[in-house]
Amino acid sequence: MRFGLDVSEHQDGLPLAKAEGVEFVIIRTTDGTYHDRVFSSHFADATQAGLAIEAYHFLRSPREGTTVDEQVAASLEVLAGARVPMWLDCETPAGLSLDDVRRAHHLFTQEGVPVAGIYTSRSWWLRHTWGADTRPFGTLWLAFYGADSGTYPGNDAWPKSVGRQEPVMWQYTSRGRVTGYSGDVDLDARR
């Protein structure tokens, strides 16, 4: 089991070098076409700390005012040439079509950015895609908090399959703690 965290500008100032027990970090590039203002500083801190780095893009529905093509272009601009694995964050309240997710996957891949897979919650995926197969988009990273105690509940609690595959990564809390940072942090376990 490997442990990591995912961050955005909401964790500005989080000292990744002091994050004990953390082996990887997933950094937000964009939310729709909005550029995460601290992506580059989180990326530099993670590099200096020797962490494995991945990224995520919060995919917005075109009904929210921006096309998938525009969103991917914005994310690529933030990446500034970095080609780290990208997660497609599928949780917008406006919903997404499978064609939206397919398009984002295609555009990132076409630009040389490997798509690691889908980030979602069980309820969102079931409600908005009727439990469609997630495998065509890569692996599955599932948000599933249970009691959200802030601590890892153990392997026996690993969430079940969604979209015809078991998650390879589990965001098990939104209330985690990292040394040197007073705010809440999302913590992840990876098999």
# chains A, B, ... in the order shown; residues from 1 in each chain; ligands from 1
call {"tool": "residues_around", "arguments": {"residues": "region 144-158 of chain A", "least_positions_apart": "6", "cutoff": "8 Å", "atoms": "only C-alpha atoms", "output": "PyMOL selection string"}}
result
chain A and resi 121-122+170-177
call {"tool": "write_last_selection", "arguments": {"atoms": "C-alpha atoms", "output": "short mmCIF file (atom, residue, chain, number, x, y, z; two decimals), in the first residue's frame"}}
result
data_model
loop_
_atom_site.label_atom_id
_atom_site.label_comp_id
_atom_site.auth_asym_id
_atom_site.auth_seq_id
_atom_site.Cartn_x
_atom_site.Cartn_y
_atom_site.Cartn_z
CA SER A 121 -17.61 9.00 -6.15
CA ARG A 122 -19.89 5.97 -6.33
CA TRP A 170 -9.04 5.39 -2.67
CA GLN A 171 -9.50 8.93 -1.39
CA TYR A 172 -10.47 7.84 2.11
CA THR A 173 -10.71 11.19 3.89
CA SER A 174 -11.08 14.89 3.31
CA ARG A 175 -9.96 15.62 6.87
CA GLY A 176 -6.39 14.37 6.83
CA ARG A 177 -3.49 16.12 8.51
#
call {"tool": "select_by_dssp", "arguments": {"residues": "region 14-180 of chain A", "states": "alpha helix (DSSP H)", "output": "PyMOL selection string"}}
result
chain A and resi 39-49+68-79+98-110+122-129
call {"tool": "closest_residue", "arguments": {"among": "A:Tyr34, A:Phe24, A:Trp87, A:Trp125", "to": "Ala46 (chain A)", "atoms": "only C-alpha atoms"}}
result
A:Phe24
call {"tool": "closest_residue", "arguments": {"among": "A:His106, A:Arg164, A:His42, A:Arg83", "to": "Val68 (chain A)", "atoms": "only C-alpha atoms"}}
result
A:His106
call {"tool": "residues_around", "arguments": {"residues": "region 2-11 of chain A", "least_positions_apart": "6", "cutoff": "7 Å", "atoms": "only C-alpha atoms", "output": "ChimeraX atom specification"}}
result
/A:21-28,36-39,186-191
call {"tool": "residues_around", "arguments": {"residues": "Leu107 (chain A)", "least_positions_apart": "6", "cutoff": "9 Å", "atoms": "only C-alpha atoms", "output": "number ranges by chain"}}
result
A: 68-69, 72-73, 113
